[in-house]
Structure formats: C-alpha cells, structure tokens
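A.B. asks: Contents of data.cif (mmCIF, C-alpha atoms and all ligand atoms) are given next:
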data_target
#
loop_
_atom_site.label_atom_id
_atom_site.label_comp_id
_atom_site.auth_asym_id
_atom_site.auth_seq_id
_atom_site.Cartn_x
_atom_site.Cartn_y
_atom_site.Cartn_z
CA MET A 189 8.80 -27.18 -8.04
CA THR A 190 5.51 -26.84 -6.18
CA THR A 191 3.70 -25.20 -9.08
CA ARG A 192 4.14 -28.42 -11.09
CA ASP A 193 3.17 -30.81 -8.33
CA PRO A 194 0.28 -32.77 -9.89
CA LEU A 195 -1.36 -33.03 -6.47
CA SER A 196 -1.59 -29.29 -5.85
CA PRO A 197 -5.02 -27.81 -6.67
CA LEU A 198 -5.52 -26.55 -10.19
CA VAL A 199 -6.91 -23.00 -10.34
CA LEU A 200 -8.56 -21.65 -13.45
CA ILE A 201 -8.08 -17.88 -13.62
CA VAL A 202 -10.77 -16.29 -15.79
CA GLU A 203 -9.54 -12.75 -16.39
CA ASP A 204 -9.04 -10.63 -19.50
CA GLU A 205 -6.52 -8.16 -18.05
CA PRO A 206 -2.97 -9.45 -18.61
CA GLN A 207 -1.52 -7.62 -15.57
CA MET A 208 -4.17 -9.05 -13.28
CA ARG A 209 -3.60 -12.54 -14.69
CA ARG A 210 0.14 -12.17 -14.12
CA PHE A 211 -0.41 -11.01 -10.53
CA LEU A 212 -2.69 -13.98 -9.83
CA ARG A 213 -0.45 -16.49 -11.60
CA THR A 214 2.61 -15.35 -9.65
CA SER A 215 0.86 -15.15 -6.27
CA LEU A 216 -0.93 -18.47 -6.58
CA GLY A 217 2.10 -20.24 -8.03
CA ALA A 218 4.15 -19.06 -5.06
CA HIS A 219 1.58 -20.65 -2.75
CA GLY A 220 1.65 -24.06 -4.39
CA TYR A 221 -1.31 -23.83 -6.73
CA ARG A 222 -1.18 -24.97 -10.33
CA VAL A 223 -2.61 -22.33 -12.61
CA LEU A 224 -4.56 -22.35 -15.84
CA GLU A 225 -5.65 -19.14 -17.59
CA ALA A 226 -8.66 -18.10 -19.65
CA SER A 227 -9.14 -14.59 -21.00
CA THR A 228 -12.65 -15.04 -22.42
CA ALA A 229 -15.95 -16.58 -21.35
CA ALA A 230 -15.70 -19.16 -24.14
CA GLU A 231 -12.22 -20.23 -22.99
CA ALA A 232 -13.45 -20.46 -19.42
CA MET A 233 -16.20 -22.88 -20.43
CA MET A 234 -13.85 -24.92 -22.57
CA LEU A 235 -11.05 -25.20 -20.00
CA THR A 236 -13.46 -26.07 -17.18
CA THR A 237 -14.75 -28.96 -19.26
CA SER A 238 -11.37 -30.16 -20.48
CA HIS A 239 -9.24 -29.70 -17.33
CA ASN A 240 -11.67 -30.10 -14.43
CA PRO A 241 -10.05 -27.40 -12.23
CA ALA A 242 -10.41 -27.54 -8.44
CA ILE A 243 -11.52 -23.91 -8.26
CA LEU A 244 -12.26 -20.94 -10.53
CA LEU A 245 -11.44 -17.27 -10.06
CA MET A 246 -13.98 -15.41 -12.16
CA ASP A 247 -13.74 -11.86 -13.44
CA LEU A 248 -17.15 -10.45 -14.44
CA GLY A 249 -16.36 -8.14 -17.35
CA LEU A 250 -15.09 -10.41 -20.11
CA PRO A 251 -14.69 -9.44 -23.79
CA ASP A 252 -17.22 -11.99 -25.05
CA GLY A 253 -19.64 -12.17 -22.15
CA ASP A 254 -20.32 -11.81 -18.49
CA GLY A 255 -18.81 -13.86 -15.66
CA ILE A 256 -22.22 -14.08 -13.99
CA ALA A 257 -23.70 -15.74 -17.08
CA VAL A 258 -20.71 -18.10 -17.21
CA THR A 259 -21.24 -18.95 -13.54
CA ARG A 260 -24.93 -19.66 -14.10
CA THR A 261 -24.15 -21.93 -17.08
CA LEU A 262 -21.43 -23.81 -15.21
CA ARG A 263 -23.81 -24.41 -12.31
CA GLU A 264 -26.04 -26.45 -14.61
CA TRP A 265 -23.50 -29.25 -14.47
CA THR A 266 -20.69 -28.56 -11.99
CA GLN A 267 -20.33 -27.61 -8.32
CA VAL A 268 -16.71 -26.48 -8.75
CA PRO A 269 -16.05 -23.60 -6.33
CA ILE A 270 -16.23 -20.21 -8.06
CA VAL A 271 -14.79 -17.11 -6.41
CA VAL A 272 -15.75 -13.93 -8.25
CA ILE A 273 -13.06 -11.28 -8.53
CA SER A 274 -14.40 -8.02 -9.83
CA ALA A 275 -14.02 -4.27 -9.80
CA ARG A 276 -17.81 -4.05 -9.55
CA GLY A 277 -18.32 -3.44 -5.85
CA ARG A 278 -22.05 -2.72 -5.75
CA GLU A 279 -24.10 -4.88 -3.43
CA ASP A 280 -26.46 -5.75 -6.30
CA ASP A 281 -23.56 -7.21 -8.26
CA LYS A 282 -22.49 -9.33 -5.31
CA VAL A 283 -26.01 -10.60 -4.73
CA GLU A 284 -26.44 -11.41 -8.41
CA ALA A 285 -23.15 -13.33 -8.55
CA LEU A 286 -23.88 -15.28 -5.36
CA ASP A 287 -27.43 -16.07 -6.44
CA ALA A 288 -26.05 -17.26 -9.79
CA GLY A 289 -24.05 -19.82 -7.82
CA ALA A 290 -20.73 -18.17 -7.02
CA ASP A 291 -19.23 -19.27 -3.71
CA ASP A 292 -17.71 -15.97 -2.78
CA TYR A 293 -16.98 -12.49 -4.05
CA LEU A 294 -13.86 -10.33 -3.81
CA THR A 295 -13.83 -6.70 -4.93
CA LYS A 296 -10.69 -5.49 -6.70
CA PRO A 297 -8.24 -4.44 -5.51
CA PHE A 298 -7.73 -7.17 -2.94
CA GLY A 299 -4.73 -8.60 -1.12
CA VAL A 300 -3.22 -12.00 -1.73
CA LYS A 301 -3.83 -13.03 1.88
CA GLU A 302 -7.55 -12.31 1.60
CA LEU A 303 -7.75 -14.16 -1.71
CA LEU A 304 -5.98 -17.24 -0.33
CA ALA A 305 -8.25 -17.28 2.73
CA ARG A 306 -11.42 -17.14 0.60
CA MET A 307 -10.06 -19.84 -1.70
CA ARG A 308 -9.31 -22.13 1.25
CA VAL A 309 -12.87 -21.74 2.53
CA ALA A 310 -14.35 -22.44 -0.90
CA LEU A 311 -12.10 -25.47 -1.45
CA ARG A 312 -12.86 -26.88 1.97
CA HIS A 313 -16.61 -26.67 1.40
CA ALA A 314 -16.19 -28.48 -1.89
CA ALA A 315 -14.29 -31.38 -0.32
CA PRO A 316 -16.49 -34.35 0.53
CA GLU A 317 -16.34 -34.90 4.25
CA ALA A 318 -17.82 -37.29 6.74
CA PRO A 319 -21.11 -36.06 8.21
CA GLU A 320 -20.21 -34.02 11.23
CA GLN A 321 -21.71 -34.58 14.65
CA GLU A 322 -20.66 -31.30 16.12
CA LEU A 323 -19.79 -27.87 14.73
CA VAL A 324 -17.49 -25.83 16.94
CA PHE A 325 -16.73 -22.14 16.54
CA GLY A 326 -14.69 -21.20 19.58
CA ALA A 327 -17.11 -20.87 22.49
CA LEU A 328 -20.12 -21.63 20.28
CA ARG A 329 -20.95 -25.31 19.80
CA ILE A 330 -23.69 -26.97 17.81
CA ASP A 331 -24.32 -30.62 18.58
CA LEU A 332 -26.11 -31.79 15.43
CA SER A 333 -27.03 -35.27 16.60
CA ARG A 334 -28.75 -33.99 19.76
CA ARG A 335 -29.83 -30.62 18.29
CA LEU A 336 -28.16 -28.78 21.15
CA VAL A 337 -26.58 -25.34 20.91
CA SER A 338 -24.37 -23.91 23.63
CA ARG A 339 -22.18 -20.91 24.20
CA ASP A 340 -19.52 -20.86 26.91
CA GLY A 341 -20.87 -24.24 28.01
CA VAL A 342 -24.39 -22.91 28.63
CA GLU A 343 -27.23 -24.36 26.62
CA ILE A 344 -29.16 -21.96 24.37
CA HIS A 345 -32.81 -22.65 23.60
CA LEU A 346 -33.67 -21.93 19.98
CA THR A 347 -36.91 -22.17 18.04
CA PRO A 348 -36.87 -24.65 15.12
CA ILE A 349 -36.49 -21.76 12.63
CA GLU A 350 -33.62 -20.22 14.59
CA TYR A 351 -31.91 -23.59 14.83
CA LYS A 352 -32.29 -24.13 11.08
CA MET A 353 -30.89 -20.70 10.34
CA LEU A 354 -27.91 -21.16 12.64
CA THR A 355 -27.03 -24.60 11.29
CA LEU A 356 -27.45 -23.40 7.70
CA LEU A 357 -24.92 -20.62 8.27
CA ALA A 358 -22.70 -22.93 10.34
CA ARG A 359 -22.56 -25.57 7.61
CA HIS A 360 -21.36 -22.83 5.25
CA ALA A 361 -19.16 -21.11 7.82
CA GLY A 362 -16.95 -18.42 6.35
CA LYS A 363 -19.12 -18.11 3.25
CA VAL A 364 -21.70 -15.41 2.72
CA LEU A 365 -25.28 -16.59 2.11
CA THR A 366 -27.64 -14.15 0.39
CA HIS A 367 -31.09 -13.31 1.75
CA ARG A 368 -32.63 -15.28 -1.11
CA GLN A 369 -30.50 -18.36 -0.38
CA ILE A 370 -31.52 -18.29 3.29
CA LEU A 371 -35.20 -17.75 2.45
CA LYS A 372 -35.18 -20.59 -0.04
CA GLU A 373 -33.46 -23.04 2.32
CA ILE A 374 -35.63 -22.32 5.33
CA TRP A 375 -39.02 -21.18 4.04
CA GLY A 376 -38.94 -22.46 0.47
CA ALA A 377 -39.16 -20.84 -2.96
CA ASN A 378 -42.51 -19.19 -2.19
CA ALA A 379 -40.91 -16.96 0.44
CA LEU A 380 -38.26 -15.37 -1.77
CA GLU A 381 -39.91 -11.95 -1.64
CA GLN A 382 -40.11 -11.89 2.18
CA PRO A 383 -36.65 -10.67 3.26
CA HIS A 384 -38.06 -9.44 6.57
CA TYR A 385 -38.44 -13.09 7.66
CA VAL A 386 -34.67 -13.38 7.72
CA ARG A 387 -34.15 -10.02 9.41
CA VAL A 388 -36.63 -10.70 12.19
CA HIS A 389 -35.39 -14.19 12.99
CA MET A 390 -31.74 -13.16 12.72
CA ALA A 391 -32.36 -10.45 15.33
CA GLU A 392 -33.84 -13.06 17.69
CA LEU A 393 -31.06 -15.53 16.96
CA ARG A 394 -28.40 -12.93 17.72
CA LYS A 395 -30.04 -12.02 21.03
CA LYS A 396 -29.72 -15.64 22.09
CA VAL A 397 -26.41 -16.65 20.55
CA GLU A 398 -24.25 -13.54 20.76
CA ARG A 399 -22.76 -12.16 23.94
CA ASP A 400 -23.61 -8.70 22.61
CA ALA A 401 -26.19 -8.68 19.80
CA ALA A 402 -25.07 -5.20 18.74
CA ARG A 403 -21.51 -6.43 18.19
CA PRO A 404 -21.88 -9.95 16.85
CA GLU A 405 -18.88 -12.26 17.05
CA TRP A 406 -20.38 -15.05 14.92
CA LEU A 407 -23.44 -13.90 12.99
CA LEU A 408 -22.06 -11.17 10.77
CA THR A 409 -24.06 -8.97 8.40
CA GLU A 410 -22.82 -8.50 4.86
CA PRO A 411 -24.63 -5.21 4.23
CA ALA A 412 -27.39 -5.52 1.62
CA VAL A 413 -26.10 -9.00 0.64
CA GLY A 414 -26.79 -11.44 3.43
CA TYR A 415 -25.09 -13.09 6.39
CA ARG A 416 -21.88 -14.95 7.13
CA LEU A 417 -20.98 -17.04 10.14
CA ARG A 418 -17.45 -16.17 11.18
CA GLU A 419 -15.04 -19.00 11.70
CA PRO A 420 -12.80 -18.88 14.76
CA CA B 1 -12.38 -7.63 -16.97
#
Spell out the structure here as structure tokens.
Ligand code: CA
C.D. replies:
Amino acid sequence: MTTRDPLSPLVLIVEDEPQMRRFLRTSLGAHGYRVLEASTAAEAMMLTTSHNPAILLMDLGLPDGDGIAVTRTLREWTQVPIVVISARGREDDKVEALDAGADDYLTKPFGVKELLARMRVALRHAAPEAPEQELVFGALRIDLSRRLVSRDGVEIHLTPIEYKMLTLLARHAGKVLTHRQILKEIWGANALEQPHYVRVHMAELRKKVERDAARPEWLLTEPAVGYRLREP
C-alpha cells in the first residue's frame, strides 16, 4: 500500500479540526504520501522533532497557540517546507506567515489539486540539487554562468538590480516572495521600509521581460503580498 511505503514523503498535518484532518489524510494518502497528524501547536513541535517530516501543512488557529508562532520557532532550527492552510484570507495574514518563514499559503477552502501542486513546489525547493547553469521557463531563459537573459531567443539587457530580481524570483519559481523578502535579498535589511524600490524595478523588469507588461506571463503580482514567477 502506497501510504505505508517508507520512501514516500512524510507529511505532518497540523490542524485542530477533525473533519479537515480527515480530508487531508484521505487525499494525501490517496496520492502516496505518508501522513502524521498534530492537533495542537505543542504536538506540532514535538512531532517535527521526533519524526523529521518532509513537509508540514500548518493551520494558523490552534487551540494552544498560533501557527505563525510555531512557524517562526521551527525556522530557528529547521528548513522543512511549511505550507500554511488557513481560513484567514487577509493579505496581512499571508505576508505575516511568509515573513515568518512559511513557504506558501493556501486559503481554505482549497482543492486537492491546488494543494498537491503547492506541496510539489515546496518539496522540490527543499531538495538539494546541483547548481544550475540555466533556468528555463518556456520562452524565457536565464543563463546563470554567462548572466544572459533571453526571451524567444532574443537577448534582453537588464540592469544589475533587474537581473538580481529576476534570478531571485526564478530560483524560487512557483513560490511567492513577499516585498520584504525581495527588499532584504536585493537591497539589504536597511531597505525594508522602501517597498517602492521593488515596485519601480519590477515595472522596468516587466517592460523588458514580458511580451505585454500589462498581462505578465512570468512575473505575477500577488496583490498586497509580493511576486511569484510562474513556472511553465
Ligand atoms: Ca484551526
């Protein structure tokens, strides 16, 4: 039975609602994941330490604490992918969870297909891989060794900041990066209160990279949260 295959990834579901846990257990089990369940923040901490899961699904409202606090604490010692699953759909909640170190955020209710896709992205980013020479997203190619970007085979000239921003998003393709994360990576911790830096340079980057900057194919806005580079 696939759910008992010791090689299939172990998912820790952190969720206090029994129906939601059952839904996740059944759906994930059917797709070959092994499943472990925690219904409190304390259990989540304990099981992460004792069982070393491959990925966590994290509800935010827990009876003995908050999933964001749990995420922040876990990040002090582990890079295990954490996908937040929450009924809280406000942009502020998403930003807070992502800044705390969550890899992604799904607002309830969500479909199984969407969940599995987000989990695959998070798991892939966690897997150690050989340093890549080239990142390819359909017609968009980034040659990292030569610092060359092209679309439809035509070279695109980017400023150093634009190139940094594109490669940052490309290295995390499929995952949303918050404004703060982008500011910190590119301009450093002193620039965290300058969100217009990101906006201005993203507008320039889109003009160069996208076929139609008003309808981006790659550089997508997550309203009030940040940006995500779409995978082909
Ligand atoms: Ca809850």
A.B. asks: Using 8 Å as the limit and counting all atoms listed in the file, can you tabulate each residue of chain A that touches ligand CA 1 (chain B), with its shortest atom-to-atom distance in Å and the two atoms involved, as CSV?
C.D. replies:
residue,atom,partner,partner_atom,distance
A:Glu203,CA,B:CA1,CA,5.9
A:Asp204,CA,B:CA1,CA,5.2
A:Glu205,CA,B:CA1,CA,6.0
A:Asp247,CA,B:CA1,CA,5.7
A:Leu248,CA,B:CA1,CA,6.1
A:Gly249,CA,B:CA1,CA,4.0
A:Leu250,CA,B:CA1,CA,5.0
A:Pro251,CA,B:CA1,CA,7.4
A:Ser274,CA,B:CA1,CA,7.4
A.B. asks: Those same residues, written as a PDB file, in the frame of the given file with C-alpha atoms?
C.D. replies:
ATOM      1  CA  GLU A 203      -9.540 -12.750 -16.390  1.00  0.00           C
ATOM      2  CA  ASP A 204      -9.040 -10.630 -19.500  1.00  0.00           C
ATOM      3  CA  GLU A 205      -6.520  -8.160 -18.050  1.00  0.00           C
ATOM      4  CA  ASP A 247     -13.740 -11.860 -13.440  1.00  0.00           C
ATOM      5  CA  LEU A 248     -17.150 -10.450 -14.440  1.00  0.00           C
ATOM      6  CA  GLY A 249     -16.360  -8.140 -17.350  1.00  0.00           C
ATOM      7  CA  LEU A 250     -15.090 -10.410 -20.110  1.00  0.00           C
ATOM      8  CA  PRO A 251     -14.690  -9.440 -23.790  1.00  0.00           C
ATOM      9  CA  SER A 274     -14.400  -8.020  -9.830  1.00  0.00           C
TER      10      SER A 274
END
A.B. asks: Quick one: everything within 9 Å of Ala314 of chain A, counting all atoms listed in the file, minus sequence neighbours fewer than 4 positions away in the same chain. Send it as a PDB file with C-alpha atoms, in the coordinates of the input.
C.D. replies:
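Heads up, here's the output in part_6.pdb:
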ATOM      1  CA  ALA A 242     -10.410 -27.540  -8.440  1.00  0.00           C
ATOM      2  CA  GLN A 267     -20.330 -27.610  -8.320  1.00  0.00           C
ATOM      3  CA  VAL A 268     -16.710 -26.480  -8.750  1.00  0.00           C
ATOM      4  CA  PRO A 269     -16.050 -23.600  -6.330  1.00  0.00           C
ATOM      5  CA  VAL A 309     -12.870 -21.740   2.530  1.00  0.00           C
ATOM      6  CA  ALA A 310     -14.350 -22.440  -0.900  1.00  0.00           C
TER       7      ALA A 310
END
A.B. asks: Please indicate the distance in Å from atom CA of Val271 of chain A to atom CA of Leu286 of chain A, rounded to one decimal place.
C.D. replies: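 Those two atoms sit 9.3 Å apart.
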A.B. asks: Quick one: of A:Leu245, A:Ile273, A:Leu356, A:Val223, who's nearest to Phe298 of chain A, counting only C-alpha atoms?
C.D. replies: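 Of A:Leu245, A:Ile273, A:Leu356, A:Val223, the one nearest Phe298 of chain A, counting only C-alpha atoms, is A:Ile273.
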A.B. asks: Per residue of segment 254-304 of chain A within 12 Å of segment 231-237 of chain A, note the shortest atom pair and the distance in Å to one decimal, counting all atoms listed in the file, and order the rows by chain and increasing residue number, as a Markdown table.
C.D. replies:
| residue | atom | partner | partner_atom | distance |
| --- | --- | --- | --- | --- |
| A:Asp254 | CA | A:Ala232 | CA | 11.1 |
| A:Gly255 | CA | A:Ala232 | CA | 9.3 |
| A:Ala257 | CA | A:Met233 | CA | 10.9 |
| A:Val258 | CA | A:Met233 | CA | 7.3 |
| A:Thr259 | CA | A:Met233 | CA | 9.4 |
| A:Arg260 | CA | A:Met233 | CA | 11.3 |
| A:Thr261 | CA | A:Met233 | CA | 8.7 |
| A:Leu262 | CA | A:Met233 | CA | 7.4 |
| A:Arg263 | CA | A:Met233 | CA | 11.2 |
| A:Glu264 | CA | A:Met233 | CA | 12.0 |
| A:Trp265 | CA | A:Thr237 | CA | 10.0 |
| A:Thr266 | CA | A:Thr236 | CA | 9.2 |
| A:Gln267 | CA | A:Thr236 | CA | 11.3 |
| A:Val268 | CA | A:Thr236 | CA | 9.0 |
| A:Pro269 | CA | A:Thr236 | CA | 11.4 |
| A:Ile270 | CA | A:Thr236 | CA | 11.2 |
A.B. asks: Within 9 Å of (-18.9, -16.6, -5.0) (file coordinates; only C-alpha atoms), which protein or nucleic acid residues are there? I'd like them as a ChimeraX atom specification.
C.D. replies: /A:246,269-273,282,285-294,310,363-364
A.B. asks: How many Å lie between atom CA of Ala402 of chain A and atom CA of Ala379 of chain A, rounded to one decimal?
C.D. replies: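 Those two atoms sit 26.9 Å apart.
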A.B. asks: Using all atoms listed in the file, pick whichever of A:Leu336, A:Ala275, A:Leu357, A:Ile349 has the shortest atom-to-atom distance to Arg418 of chain A.
C.D. replies: A:Leu357
A.B. asks: What does the structure give for the distance between atom CA of Thr295 of chain A and atom CA of Asp280 of chain A, in Å to one decimal?
C.D. replies: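 Taking atom CA of Thr295 of chain A as the start and atom CA of Asp280 of chain A as the end point, the length is 12.7 Å.
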A.B. asks: So, with only C-alpha atoms as the atoms that count, which of A:Asp331, A:Glu381, A:Asp252, A:Glu279 lies closest to Thr355 of chain A?
C.D. replies: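 That would be A:Asp331, the residue with the smallest distance to Thr355 of chain A.
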A.B. asks: Need the neighbours of (-24.4, -15.8, 26.3): which residues are at most 10 Å away, counting all atoms listed in the file, as a ChimeraX atom specification?
C.D. replies: /A:327-328,338-344,394-401
A.B. asks: Have a look at A:Glu419, A:Thr228, A:Asn378, A:Arg213 and name the one nearest to Gly326 of chain A; count only C-alpha atoms.
C.D. replies: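 With only C-alpha atoms as the atom set, the closest residue is A:Glu419.
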A.B. asks: Which residues, written as a ChimeraX atom specification, have at least one atom at most 9 Å from Met353 of chain A, with all atoms listed in the file counted and residues fewer than 6 positions away on the same chain left out?
C.D. replies: /A:370,373-374,386,389-390,393
A.B. asks: Could you work out an axis-aligned box for segment 199-211 of chain A, taking every atom the file lists and adding 5 Å on each side, and report centre and edge lengths in Å to one decimal, as JSON?
C.D. replies:
{"center_x": -5.3, "center_y": -15.3, "center_z": -14.9, "size_x": 20.9, "size_y": 25.4, "size_z": 19.2}
A.B. asks: Taking all atoms listed in the file into account, which of A:Ala230, A:Ala377, A:Leu323, A:Leu216 comes nearest Lys301 of chain A?
C.D. replies: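 Result for the nearest residue to Lys301 of chain A: A:Leu216.
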